[in-house]
>>> print(open('entry_28.cif').read())   # mmCIF, C-alpha atoms
data_protein
loop_
_atom_site.label_atom_id
_atom_site.label_comp_id
_atom_site.auth_asym_id
_atom_site.auth_seq_id
_atom_site.Cartn_x
_atom_site.Cartn_y
_atom_site.Cartn_z
CA MET J 1 0.00 0.00 0.00
CA LYS J 2 1.22 3.50 -0.85
CA THR J 3 0.47 6.52 1.34
CA LEU J 4 1.27 10.07 0.30
CA ILE J 5 1.53 12.73 3.02
CA LYS J 6 1.45 16.19 1.47
CA ASN J 7 2.25 19.77 2.50
CA VAL J 8 3.90 19.00 5.84
CA LYS J 9 6.71 20.58 7.75
CA ILE J 10 9.19 17.72 8.19
CA VAL J 11 11.24 17.95 11.42
CA ASN J 12 14.34 15.82 10.97
CA GLU J 13 18.10 15.89 11.58
CA GLY J 14 18.25 19.45 12.88
CA LYS J 15 16.10 21.00 10.15
CA ILE J 16 12.47 21.80 9.36
CA VAL J 17 11.65 21.45 5.66
CA GLU J 18 8.30 21.76 3.90
CA GLY J 19 7.48 18.94 1.54
CA ASP J 20 5.77 15.65 0.74
CA ILE J 21 6.62 12.12 1.76
CA LEU J 22 5.67 8.84 0.10
CA LEU J 23 5.34 5.61 2.06
CA ASP J 24 5.49 2.31 0.19
CA ASN J 25 4.32 -0.55 2.39
CA ASP J 26 6.51 -0.38 5.54
CA LEU J 27 9.20 1.98 4.20
CA ILE J 28 9.67 5.66 3.41
CA SER J 29 10.24 5.53 -0.34
CA LYS J 30 10.49 9.21 -1.30
CA ILE J 31 10.93 12.63 0.34
CA ASP J 32 10.65 15.66 -1.90
CA SER J 33 9.39 19.25 -2.03
CA GLN J 34 6.51 17.96 -4.16
CA ILE J 35 5.46 14.41 -5.02
CA SER J 36 2.74 13.76 -7.57
CA GLU J 37 2.87 9.96 -7.67
CA GLU J 38 -0.28 7.84 -7.47
CA ALA J 39 -1.05 6.60 -3.94
CA ASP J 40 -3.72 4.45 -2.29
CA ARG J 41 -4.17 7.05 0.44
CA ILE J 42 -3.41 10.77 0.45
CA ILE J 43 -3.22 12.76 3.68
CA ASP J 44 -3.10 16.53 3.48
CA GLY J 45 -0.88 17.71 6.33
CA GLU J 46 -1.28 21.41 5.63
CA GLY J 47 -0.11 23.40 8.68
CA LYS J 48 1.05 20.27 10.53
CA TYR J 49 4.47 18.97 11.50
CA LEU J 50 5.75 15.49 10.67
CA LEU J 51 8.17 13.93 13.17
CA PRO J 52 9.85 10.54 13.35
CA GLY J 53 7.95 8.32 15.79
CA VAL J 54 9.09 8.56 19.40
CA ILE J 55 11.35 5.73 20.61
CA ASP J 56 10.87 5.33 24.37
CA ASP J 57 13.91 3.53 25.75
CA GLN J 58 12.42 2.79 29.17
CA VAL J 59 8.92 1.48 29.86
CA HIS J 60 7.33 -1.03 32.21
CA PHE J 61 4.32 -2.60 30.47
CA ARG J 62 3.73 -5.09 33.33
CA GLU J 63 3.36 -8.31 31.33
CA PRO J 64 3.65 -11.05 32.40
CA GLY J 65 2.53 -11.24 36.01
CA LEU J 66 1.30 -7.72 36.79
CA THR J 67 -1.36 -7.37 34.14
CA HIS J 68 -3.97 -5.90 36.50
CA LYS J 69 -1.92 -2.66 36.20
CA GLY J 70 -1.20 -2.74 32.47
CA ASP J 71 -0.21 -5.12 29.70
CA ILE J 72 1.63 -5.04 26.39
CA GLU J 73 -1.61 -4.57 24.45
CA THR J 74 -3.14 -1.73 26.52
CA GLU J 75 0.06 0.20 27.10
CA SER J 76 1.38 -0.04 23.52
CA ARG J 77 -2.08 1.08 22.38
CA SER J 78 -1.79 4.17 24.57
CA ALA J 79 1.76 4.67 23.23
CA ILE J 80 0.70 4.97 19.58
CA ALA J 81 -2.04 7.45 20.56
CA GLY J 82 0.76 9.61 21.97
CA GLY J 83 3.11 9.30 19.01
CA THR J 84 5.41 6.63 20.49
CA THR J 85 6.04 4.03 17.77
CA SER J 86 8.77 1.92 19.44
CA PHE J 87 9.43 0.97 23.06
CA ILE J 88 12.11 -0.82 25.08
CA GLU J 89 10.62 -2.65 28.04
CA GLN J 90 12.27 -3.56 31.33
CA PRO J 91 12.77 -7.01 32.91
CA ASN J 92 11.14 -6.49 36.34
CA THR J 93 7.94 -8.30 35.40
CA VAL J 94 6.77 -11.47 37.21
CA PRO J 95 8.70 -13.66 36.76
CA ASN J 96 11.69 -11.37 36.16
CA ALA J 97 13.09 -11.74 32.62
CA VAL J 98 16.43 -13.16 33.79
CA THR J 99 16.71 -16.28 31.61
CA GLN J 100 16.74 -16.56 27.82
CA GLU J 101 13.53 -18.62 28.02
CA LEU J 102 11.66 -16.00 30.08
CA LEU J 103 12.91 -13.25 27.77
CA ALA J 104 11.70 -15.23 24.74
CA ASP J 105 8.27 -15.57 26.40
CA LYS J 106 7.92 -11.77 26.51
CA TYR J 107 8.86 -11.49 22.84
CA GLU J 108 6.27 -14.13 21.99
CA ILE J 109 3.52 -12.20 23.84
CA ALA J 110 4.53 -8.95 22.09
CA SER J 111 4.47 -10.60 18.66
CA GLN J 112 0.72 -11.17 19.23
CA LYS J 113 -0.19 -8.05 21.19
CA ALA J 114 2.04 -5.04 20.44
CA TYR J 115 0.64 -2.03 18.57
CA ALA J 116 4.14 -0.47 18.52
CA ASN J 117 7.60 -1.86 17.75
CA TYR J 118 9.21 -3.57 20.71
CA GLY J 119 12.46 -4.57 22.37
CA PHE J 120 12.91 -6.20 25.78
CA MET J 121 15.91 -5.80 28.07
CA MET J 122 17.58 -8.87 29.55
CA GLY J 123 17.72 -8.62 33.35
CA GLY J 124 20.90 -9.13 35.33
CA THR J 125 20.96 -10.52 38.88
CA ASN J 126 23.63 -11.47 41.40
CA ASP J 127 23.76 -14.99 39.97
CA ASN J 128 22.71 -15.20 36.31
CA LEU J 129 25.90 -14.15 34.50
CA GLU J 130 25.84 -17.25 32.28
CA GLU J 131 22.32 -16.42 31.07
CA VAL J 132 23.18 -12.74 30.55
CA LEU J 133 26.12 -13.66 28.33
CA LYS J 134 23.88 -15.78 26.06
CA THR J 135 21.89 -12.69 25.04
CA ASN J 136 21.82 -12.02 21.31
CA PRO J 137 22.84 -8.38 20.61
CA ARG J 138 21.16 -8.51 17.19
CA ASN J 139 17.63 -8.69 18.59
CA VAL J 140 17.86 -7.63 22.25
CA PRO J 141 18.57 -3.96 23.12
CA GLY J 142 20.74 -4.47 26.18
CA ILE J 143 21.22 -5.67 29.76
CA LYS J 144 19.31 -3.96 32.60
CA LEU J 145 20.76 -3.80 36.10
CA PHE J 146 19.10 -2.40 39.20
CA LEU J 147 21.87 -0.98 41.38
CA GLY J 148 19.20 0.16 43.85
CA SER J 149 16.07 -1.85 44.61
CA SER J 150 12.83 -0.64 43.06
CA THR J 151 9.54 -2.20 41.94
CA GLY J 152 9.99 -6.01 41.61
CA ASN J 153 13.27 -6.19 43.49
CA MET J 154 16.09 -7.22 41.15
CA LEU J 155 18.88 -5.61 43.15
CA VAL J 156 22.41 -6.41 41.93
CA ASP J 157 24.70 -5.52 44.82
CA ASN J 158 27.55 -8.01 44.54
CA PRO J 159 30.63 -6.01 43.39
CA GLU J 160 32.27 -9.12 41.94
CA THR J 161 29.19 -9.96 39.84
CA LEU J 162 28.91 -6.37 38.63
CA GLU J 163 32.52 -6.31 37.52
CA LYS J 164 32.08 -9.62 35.68
CA ILE J 165 28.99 -8.36 33.81
CA PHE J 166 30.69 -5.07 32.92
CA SER J 167 33.87 -6.87 31.79
CA ASN J 168 32.27 -9.64 29.76
CA THR J 169 29.59 -8.12 27.55
CA LYS J 170 29.87 -5.74 24.61
CA MET J 171 26.14 -5.04 24.88
CA LEU J 172 24.81 -1.80 26.30
CA ILE J 173 24.29 -2.00 30.07
CA ALA J 174 21.43 0.19 31.32
CA VAL J 175 21.34 0.93 35.03
CA HIS J 176 18.96 2.17 37.71
CA CYS J 177 21.30 4.03 40.08
CA GLU J 178 20.37 4.56 43.72
CA ASP J 179 22.55 3.54 46.65
CA GLU J 180 20.74 0.93 48.71
CA ALA J 181 22.50 1.52 52.05
CA THR J 182 21.79 5.28 51.89
CA ILE J 183 18.09 4.72 51.11
CA LYS J 184 17.74 2.14 53.91
CA ALA J 185 19.30 4.48 56.48
CA ASN J 186 17.14 7.43 55.34
CA THR J 187 13.97 5.31 55.37
CA GLN J 188 14.68 4.12 58.89
CA LYS J 189 15.11 7.69 60.11
CA TYR J 190 11.63 8.67 58.84
CA LEU J 191 10.04 5.38 59.97
CA ASP J 192 11.27 6.10 63.50
CA GLU J 193 9.61 9.49 63.37
CA TYR J 194 6.36 8.80 61.47
CA GLY J 195 5.83 5.04 61.33
CA GLU J 196 4.46 3.62 58.04
CA ASP J 197 2.59 6.80 57.12
CA ILE J 198 5.61 8.96 56.18
CA PRO J 199 4.46 12.16 54.44
CA VAL J 200 5.26 11.68 50.73
CA LYS J 201 6.91 15.13 50.65
CA PHE J 202 9.96 13.47 52.23
CA HIS J 203 10.36 10.98 49.37
CA HIS J 204 13.10 13.04 47.70
CA LEU J 205 15.01 13.19 51.00
CA ILE J 206 14.74 9.42 51.49
CA ARG J 207 15.75 8.55 47.92
CA SER J 208 18.14 11.46 48.07
CA GLU J 209 20.63 13.28 45.87
CA GLU J 210 23.39 11.49 47.79
CA ALA J 211 21.84 8.05 47.08
CA CYS J 212 21.67 8.81 43.35
CA TYR J 213 25.09 10.39 42.98
CA LYS J 214 26.88 7.73 44.99
CA SER J 215 25.45 4.96 42.82
CA SER J 216 25.78 6.59 39.38
CA SER J 217 29.36 7.77 40.03
CA LYS J 218 30.29 4.24 41.09
CA ALA J 219 28.71 2.73 37.95
CA ILE J 220 30.55 5.23 35.74
CA GLU J 221 33.84 4.44 37.50
CA LEU J 222 33.29 0.73 36.79
CA ALA J 223 32.40 1.42 33.13
CA LYS J 224 35.59 3.45 32.68
CA LYS J 225 37.65 0.70 34.32
CA THR J 226 36.17 -2.12 32.20
CA GLY J 227 35.41 -0.26 28.95
CA ALA J 228 31.73 -1.23 29.14
CA ARG J 229 28.96 0.66 27.31
CA LEU J 230 26.91 2.23 30.11
CA HIS J 231 23.56 4.03 29.89
CA VAL J 232 22.33 5.63 33.11
CA PHE J 233 18.54 5.70 33.24
CA HIS J 234 16.40 8.50 34.70
CA LEU J 235 18.83 11.08 36.07
CA SER J 236 17.02 13.07 38.77
CA THR J 237 19.68 15.41 40.22
CA ALA J 238 21.65 18.37 38.93
CA LYS J 239 24.75 16.96 40.63
CA GLU J 240 24.72 13.75 38.54
CA THR J 241 24.76 15.73 35.29
CA GLU J 242 28.36 16.73 36.08
CA LEU J 243 29.37 13.10 35.49
CA PHE J 244 28.57 13.22 31.76
CA ARG J 245 30.26 14.83 28.79
CA ASN J 246 29.15 16.73 25.69
CA ASP J 247 32.44 17.22 23.89
CA ILE J 248 32.11 14.13 21.67
CA SER J 249 29.28 12.93 19.44
CA LEU J 250 26.75 10.45 20.77
CA LYS J 251 27.93 7.63 18.50
CA ASP J 252 31.37 7.90 20.09
CA LYS J 253 30.15 8.03 23.69
CA LYS J 254 30.48 4.88 25.79
CA ILE J 255 28.78 6.45 28.81
CA THR J 256 25.37 8.05 28.23
CA ALA J 257 22.41 9.41 30.18
CA GLU J 258 18.64 9.64 30.03
CA VAL J 259 16.18 12.02 31.66
CA CYS J 260 12.50 11.27 32.10
CA VAL J 261 9.59 13.55 31.33
CA HIS J 262 8.48 13.69 34.98
CA HIS J 263 11.85 14.91 36.23
CA LEU J 264 11.60 17.74 33.67
CA THR J 265 8.02 18.52 34.73
CA PHE J 266 7.48 18.17 38.48
CA THR J 267 9.39 19.21 41.61
CA ASN J 268 9.09 18.27 45.29
CA GLU J 269 6.67 21.24 45.67
CA ASP J 270 4.12 19.20 43.68
CA TYR J 271 3.93 16.44 46.32
CA GLU J 272 1.53 18.72 48.19
CA THR J 273 -1.15 18.51 45.49
CA LYS J 274 -0.24 15.27 43.68
CA GLY J 275 0.87 13.15 46.67
CA GLY J 276 1.70 9.52 45.90
CA LEU J 277 0.67 9.95 42.24
CA ILE J 278 4.10 11.49 41.57
CA LYS J 279 6.05 9.08 43.76
CA TRP J 280 8.76 7.72 41.47
CA ASN J 281 12.10 5.99 41.97
CA PRO J 282 14.34 7.91 41.69
CA ALA J 283 12.29 10.66 43.29
CA VAL J 284 11.18 13.93 41.76
CA LYS J 285 13.52 16.38 43.46
CA THR J 286 13.98 20.16 43.80
CA GLN J 287 13.58 23.09 41.40
CA LYS J 288 17.39 23.35 41.36
CA ASP J 289 17.58 19.73 40.20
CA LYS J 290 14.92 20.25 37.55
CA ASP J 291 16.78 23.33 36.25
CA GLY J 292 20.06 21.39 36.20
CA LEU J 293 18.48 18.53 34.24
CA TRP J 294 17.09 20.97 31.66
CA GLU J 295 20.48 22.60 31.30
CA ALA J 296 22.24 19.25 30.77
CA LEU J 297 19.56 18.12 28.31
CA LEU J 298 19.97 21.25 26.21
CA ASP J 299 23.78 21.18 26.24
CA ASP J 300 23.85 17.44 25.34
CA ARG J 301 25.28 15.94 28.52
CA ILE J 302 21.92 14.16 28.66
CA ASP J 303 21.27 12.21 25.47
CA VAL J 304 17.72 10.85 25.63
CA ILE J 305 14.24 11.72 26.93
CA ALA J 306 12.09 8.77 28.05
CA THR J 307 9.14 8.09 30.35
CA ASP J 308 9.90 5.17 32.70
CA HIS J 309 6.17 4.53 32.09
CA ALA J 310 5.14 2.46 35.12
CA PRO J 311 1.41 2.06 35.77
CA HIS J 312 -0.10 1.09 39.12
CA THR J 313 -3.78 0.93 39.99
CA TRP J 314 -5.44 3.98 41.52
CA GLU J 315 -6.11 1.95 44.69
CA GLU J 316 -2.43 0.98 45.05
CA LYS J 317 -1.39 4.62 44.75
CA GLN J 318 -3.71 5.63 47.63
CA ASN J 319 -1.79 3.49 50.14
CA VAL J 320 0.35 4.91 52.95
CA TYR J 321 3.88 5.89 51.93
CA THR J 322 5.60 2.57 52.66
CA LYS J 323 2.94 0.61 50.72
CA CYS J 324 2.42 3.12 47.90
CA PRO J 325 4.31 1.75 44.88
CA SER J 326 6.59 4.08 42.91
CA GLY J 327 5.88 4.82 39.26
CA ALA J 328 3.19 6.37 37.08
CA PRO J 329 1.90 6.06 33.50
CA LEU J 330 3.25 8.57 30.95
CA VAL J 331 3.69 7.02 27.50
CA GLN J 332 0.50 8.52 26.02
CA HIS J 333 1.50 12.05 27.03
CA SER J 334 5.30 12.29 26.77
CA LEU J 335 5.41 13.93 23.34
CA VAL J 336 2.71 16.52 24.10
CA VAL J 337 4.46 17.40 27.37
CA MET J 338 7.62 18.13 25.40
CA LEU J 339 5.68 20.02 22.70
CA GLU J 340 4.24 22.17 25.48
CA ASN J 341 7.80 22.96 26.54
CA TYR J 342 8.48 23.95 22.92
CA LYS J 343 5.43 26.24 22.98
CA ASN J 344 6.80 27.80 26.19
CA GLY J 345 10.17 28.48 24.55
CA LYS J 346 12.20 25.96 26.59
CA ILE J 347 13.27 23.63 23.75
CA SER J 348 13.18 23.54 19.95
CA LEU J 349 11.22 21.02 17.87
CA GLU J 350 14.50 19.84 16.35
CA LYS J 351 15.91 19.14 19.82
CA ILE J 352 12.76 17.24 20.90
CA VAL J 353 13.08 15.02 17.82
CA GLU J 354 16.81 14.54 18.49
CA LYS J 355 16.27 13.45 22.10
CA MET J 356 13.12 11.35 21.58
CA ALA J 357 13.76 9.70 18.20
CA HIS J 358 17.23 10.19 16.68
CA ASN J 359 19.28 9.65 19.83
CA PRO J 360 17.56 6.50 21.13
CA ALA J 361 18.10 5.03 17.64
CA ILE J 362 21.81 5.99 17.64
CA LEU J 363 22.40 4.95 21.25
CA PHE J 364 20.80 1.50 20.92
CA ARG J 365 21.96 1.14 17.28
CA ILE J 366 18.39 0.46 16.19
CA GLU J 367 18.24 -0.61 12.58
CA LYS J 368 16.46 1.72 10.12
CA ARG J 369 14.37 3.66 12.61
CA GLY J 370 14.40 6.99 14.40
CA PHE J 371 14.92 9.20 11.32
CA ILE J 372 12.86 10.38 8.36
CA ARG J 373 15.05 8.96 5.60
CA GLU J 374 14.35 7.18 2.32
CA GLY J 375 14.67 3.43 2.85
CA TYR J 376 13.94 3.69 6.59
CA LYS J 377 10.91 2.20 8.33
CA ALA J 378 7.89 4.49 8.12
CA ASP J 379 7.35 5.18 11.85
CA LEU J 380 5.94 8.70 11.79
CA VAL J 381 3.84 11.15 13.80
CA LEU J 382 1.81 14.07 12.52
CA VAL J 383 1.19 16.81 15.08
CA ASP J 384 -1.00 19.89 15.14
CA LEU J 385 0.73 22.59 17.18
CA ASN J 386 -2.44 24.66 17.47
CA GLU J 387 -5.00 22.34 18.99
CA ASN J 388 -6.05 22.62 22.63
CA TRP J 389 -7.26 19.65 24.67
CA THR J 390 -7.36 18.60 28.30
CA VAL J 391 -6.30 15.28 29.83
CA GLU J 392 -9.48 13.73 31.27
CA LYS J 393 -10.54 10.27 32.44
CA GLU J 394 -12.42 9.77 29.14
CA ASN J 395 -9.33 10.22 26.95
CA ILE J 396 -6.80 8.35 29.12
CA LEU J 397 -6.01 5.00 27.47
CA TYR J 398 -3.82 3.42 30.16
CA LYS J 399 -5.28 0.26 31.68
CA CYS J 400 -4.92 1.83 35.14
CA GLY J 401 -7.24 4.65 33.99
CA TRP J 402 -5.48 7.63 35.58
CA SER J 403 -2.64 10.06 34.87
CA PRO J 404 -0.66 12.49 37.05
CA LEU J 405 -1.39 15.00 34.25
CA GLU J 406 -5.18 14.80 34.60
CA GLY J 407 -6.68 18.27 34.32
CA THR J 408 -3.71 19.61 32.33
CA THR J 409 -4.55 21.46 29.12
CA PHE J 410 -2.13 20.96 26.24
CA HIS J 411 -1.90 23.20 23.18
CA SER J 412 -0.61 20.58 20.71
CA LYS J 413 -2.09 17.29 19.63
CA VAL J 414 -0.97 14.08 17.92
CA THR J 415 -3.35 13.65 14.96
CA HIS J 416 -1.84 10.69 13.06
CA THR J 417 0.61 7.91 13.94
CA PHE J 418 2.16 5.47 11.46
CA VAL J 419 3.87 2.23 12.50
CA ASN J 420 5.75 0.46 9.70
CA GLY J 421 3.82 2.46 7.11
CA ASN J 422 0.43 1.61 8.60
CA LEU J 423 -1.90 4.35 9.80
CA VAL J 424 -2.53 3.11 13.35
CA TYR J 425 -3.97 6.26 14.93
CA GLU J 426 -6.03 9.02 13.32
CA ASN J 427 -7.79 11.87 15.12
CA GLY J 428 -8.64 9.90 18.25
CA LYS J 429 -9.39 6.59 16.51
CA ILE J 430 -7.13 3.58 16.84
CA ASN J 431 -6.72 0.98 14.11
CA GLU J 432 -7.19 -2.21 16.13
CA GLU J 433 -4.95 -4.25 13.82
CA LYS J 434 -1.47 -4.64 15.31
CA PHE J 435 1.58 -3.79 13.20
CA GLY J 436 4.37 -3.68 15.81
CA GLU J 437 7.61 -5.45 14.88
CA ARG J 438 10.59 -6.67 16.87
CA LEU J 439 13.35 -4.07 16.90
CA LEU J 440 16.68 -5.14 15.42
CA PHE J 441 20.07 -3.74 16.39
CA GLU J 442 23.24 -3.24 14.40
CA ILE J 443 26.22 -5.11 15.75
CA GLU J 444 29.73 -3.65 15.62
#
>>> encode(input="entry_28.cif", output="structure tokens")
Amino acid sequence: MKTLIKNVKIVNEGKIVEGDILLDNDLISKIDSQISEEADRIIDGEGKYLLPGVIDDQVHFREPGLTHKGDIETESRSAIAGGTTSFIEQPNTVPNAVTQELLADKYEIASQKAYANYGFMMGGTNDNLEEVLKTNPRNVPGIKLFLGSSTGNMLVDNPETLEKIFSNTKMLIAVHCEDEATIKANTQKYLDEYGEDIPVKFHHLIRSEEACYKSSSKAIELAKKTGARLHVFHLSTAKETELFRNDISLKDKKITAEVCVHHLTFTNEDYETKGGLIKWNPAVKTQKDKDGLWEALLDDRIDVIATDHAPHTWEEKQNVYTKCPSGAPLVQHSLVVMLENYKNGKISLEKIVEKMAHNPAILFRIEKRGFIREGYKADLVLVDLNENWTVEKENILYKCGWSPLEGTTFHSKVTHTFVNGNLVYENGKINEEKFGERLLFEIE
């Protein structure tokens, strides 16, 4: 099938160019100022912007084992409605994806249920090195290690094991960095004072700047010592940004960083109104931290924007602090949040596309995605930068049915999403056929 998208402003590789784009089956076949070829479907994009589909390098879609909160079908469906066409999912499902067989099970589920393109991280533990080293770098994005315990405890805290993993794989190692001993000591201090019902406003002091910095600096030290490729997930402090560099291009970096939408959006002041709904690990921290993260994002010390999409039920999030799980759903709204920041003059469209599409593709070496180029997969998003809408229960697609952004009015809207050349989302309507494919990765 051929689709012709006409009269759009194409945002790609640091430029915005007006033109037409022809999709032939799953590929982009032609980009030109004007295309007059015959097509099965013509979309007039007059006044709209065409972006490469968002690649979210960190989501938790909760399948298998936690499907009351979300599953691959519901969460990837919400992803395409928000312009995310590819996702990389984490191993802390139930059971944890820490053997090749369990990892293969997740891929099998996704092959039946994913609306978007998918990759699944292999999980490392204190005792599964042999399994980790069997991972195929051609069709698995990387190894995930939790250096601080979080949802679905997969804590790797044996220094010997860590060094062996870092020394023995050429694959990208993605890490959750929070120092366990620091968090335990801080938690105990507040438990002694408040019991189980610790006010959530102290979350950023429990999972503190010190806990984050201690862990990420240690991981970076180990990566430098062993030569490993290290990607530090969800930076949350200004201090950590000092650990990363911007004087070489991303393809030459061996140590990289990600920031999540919520750490660019909320601060500890918001705990007062949002409470446990914005309880994440690592925690949303201070205005100074938020400002520092923005600065590092814009000067390229931070390479990627992601969501850490992590749904929990509304009921679970109402629990007292010690029983309130960390995480919130974001994948349907990440692009519009960033477009709002563009509207407010904080970031350019070109930079949004770089951090949400180009850079994840470069960093993970994803084959033929992340750019609007002839011969590349047609994963595309059409956005209207002049349409107002408000996040309400009725338009939230997450299985958990809520969002920390409820009541927020956005001034841009995703109107069309294409996955592998297929129109999967159009003006609020989802094509219920599933066209997601397994992501493939280039090997050195």
>>> residues_around(input="entry_28.cif", residues="Asn431 (chain J)", least_positions_apart="4", cutoff="10 Å", atoms="only C-alpha atoms", output="list in words")
Arg77, Tyr115, Asn422, Leu423, Val424, Tyr425, Glu426 and Phe435 of chain J
>>> closest_residue(input="entry_28.cif", among="J:Lys134, J:His234, J:Lys69, J:Lys239", to="Trp280 (chain J)", atoms="only C-alpha atoms")
J:His234
>>> resolve_selection(input="entry_28.cif", expression="the PyMOL selection byres ((chain J and resi 440) around 12)", output="list of chain:residue names")
J:Ser86, J:Ile88, J:Asn117, J:Tyr118, J:Gly119, J:Phe120, J:Asn136, J:Pro137, J:Arg138, J:Asn139, J:Val140, J:Pro141, J:Gly142, J:Ala361, J:Phe364, J:Arg365, J:Ile366, J:Glu367, J:Lys368, J:Arg369, J:Lys377, J:Glu437, J:Arg438, J:Leu439, J:Phe441, J:Glu442, J:Ile443
>>> atom_distance(input="entry_28.cif", atom1="CA of Asp26 (chain J)", atom2="CA of Pro360 (chain J)")
20.3 Å
>>> residues_around(input="entry_28.cif", residues="region 409-420 of chain J", least_positions_apart="5", cutoff="6 Å", atoms="only C-alpha atoms", output="list in words")
Asp26, Gly83, Thr85, Lys377, Ala378, Asp379, Leu380, Val381, Leu382, Val383, Asp384, Leu385, Asn386, Glu387, Asn388, Trp389, Thr390, Tyr425, Glu426 and Asn427 of chain J
>>> atom_distance(input="entry_28.cif", atom1="CA of Ala97 (chain J)", atom2="CA of Ala328 (chain J)")
21.1 Å
>>> resolve_selection(input="entry_28.cif", expression="the PyMOL selection byres ((chain J and resi 350) around 8)", output="list in words")
Val11, Asn12, Glu13, Gly14, Lys15, Ile16, Ser348, Leu349, Lys351, Ile352, Val353 and Glu354 of chain J
>>> atom_distance(input="entry_28.cif", atom1="CA of Lys189 (chain J)", atom2="CA of Lys201 (chain J)")
14.6 Å
>>> residues_around(input="entry_28.cif", residues="Tyr213 (chain J)", least_positions_apart="3", cutoff="8 Å", atoms="all atoms listed in the file", output="list in words")
Cys177, Glu178, Glu209, Glu210, Ser216, Ser217, Thr237, Lys239 and Glu240 of chain J
>>> resolve_selection(input="entry_28.cif", expression="the PyMOL selection byres ((chain J and resi 294) around 12)", output="PyMOL selection string")
chain J and resi 235-238+241+258-265+287-293+295-305+338+341+346-347
>>> residues_near_point(input="entry_28.cif", point="(9.5, -12.9, 35.9)", cutoff="10 Å", atoms="only C-alpha atoms", output="number ranges by chain")
J: 63-66, 91-99, 102-103, 105-106, 123, 152
>>> closest_residue(input="entry_28.cif", among="J:Ile80, J:Ile165, J:Leu133, J:Ala257", to="Phe233 (chain J)", atoms="all atoms listed in the file")
J:Ala257
>>> closest_residue(input="entry_28.cif", among="J:Thr273, J:Ser249, J:Ser78, J:Thr169", to="Ala223 (chain J)", atoms="all atoms listed in the file")
J:Thr169
>>> residues_around(input="entry_28.cif", residues="Arg41 (chain J)", least_positions_apart="3", cutoff="7 Å", atoms="all atoms listed in the file", output="list in words")
Lys2, Thr3 and Leu4 of chain J
>>> closest_residue(input="entry_28.cif", among="J:Ala81, J:Ile35, J:Leu243, J:Cys212", to="Tyr398 (chain J)", atoms="only C-alpha atoms")
J:Ala81
>>> closest_residue(input="entry_28.cif", among="J:Met171, J:Ala310, J:Ala219, J:Ala110", to="Leu277 (chain J)", atoms="all atoms listed in the file")
J:Ala310
>>> closest_residue(input="entry_28.cif", among="J:Met1, J:Val8, J:Ile206, J:Val232", to="Asn25 (chain J)", atoms="all atoms listed in the file")
J:Met1
>>> residues_around(input="entry_28.cif", residues="Lys144 (chain J)", least_positions_apart="2", cutoff="7 Å", atoms="only C-alpha atoms", output="list in words")
Met121, Met122, Gly123, Gly124, Gly142, Phe146, Ile173, Ala174 and Val175 of chain J
>>> write_last_selection(input="entry_28.cif", atoms="C-alpha atoms", output="mmCIF file, in the frame of the given file")
data_model
loop_
_atom_site.group_PDB
_atom_site.id
_atom_site.type_symbol
_atom_site.label_atom_id
_atom_site.label_comp_id
_atom_site.auth_asym_id
_atom_site.auth_seq_id
_atom_site.Cartn_x
_atom_site.Cartn_y
_atom_site.Cartn_z
ATOM 1 C CA MET J 121 15.910 -5.800 28.070
ATOM 2 C CA MET J 122 17.580 -8.870 29.550
ATOM 3 C CA GLY J 123 17.720 -8.620 33.350
ATOM 4 C CA GLY J 124 20.900 -9.130 35.330
ATOM 5 C CA GLY J 142 20.740 -4.470 26.180
ATOM 6 C CA PHE J 146 19.100 -2.400 39.200
ATOM 7 C CA ILE J 173 24.290 -2.000 30.070
ATOM 8 C CA ALA J 174 21.430 0.190 31.320
ATOM 9 C CA VAL J 175 21.340 0.930 35.030
#
>>> axis_aligned_box(input="entry_28.cif", around="region 31-34 of chain J", padding_each_side="4 Å", output="lines of an AutoDock Vina configuration file")
center_x = 8.7
center_y = 15.9
center_z = -1.9
size_x = 12.4
size_y = 14.6
size_z = 12.5
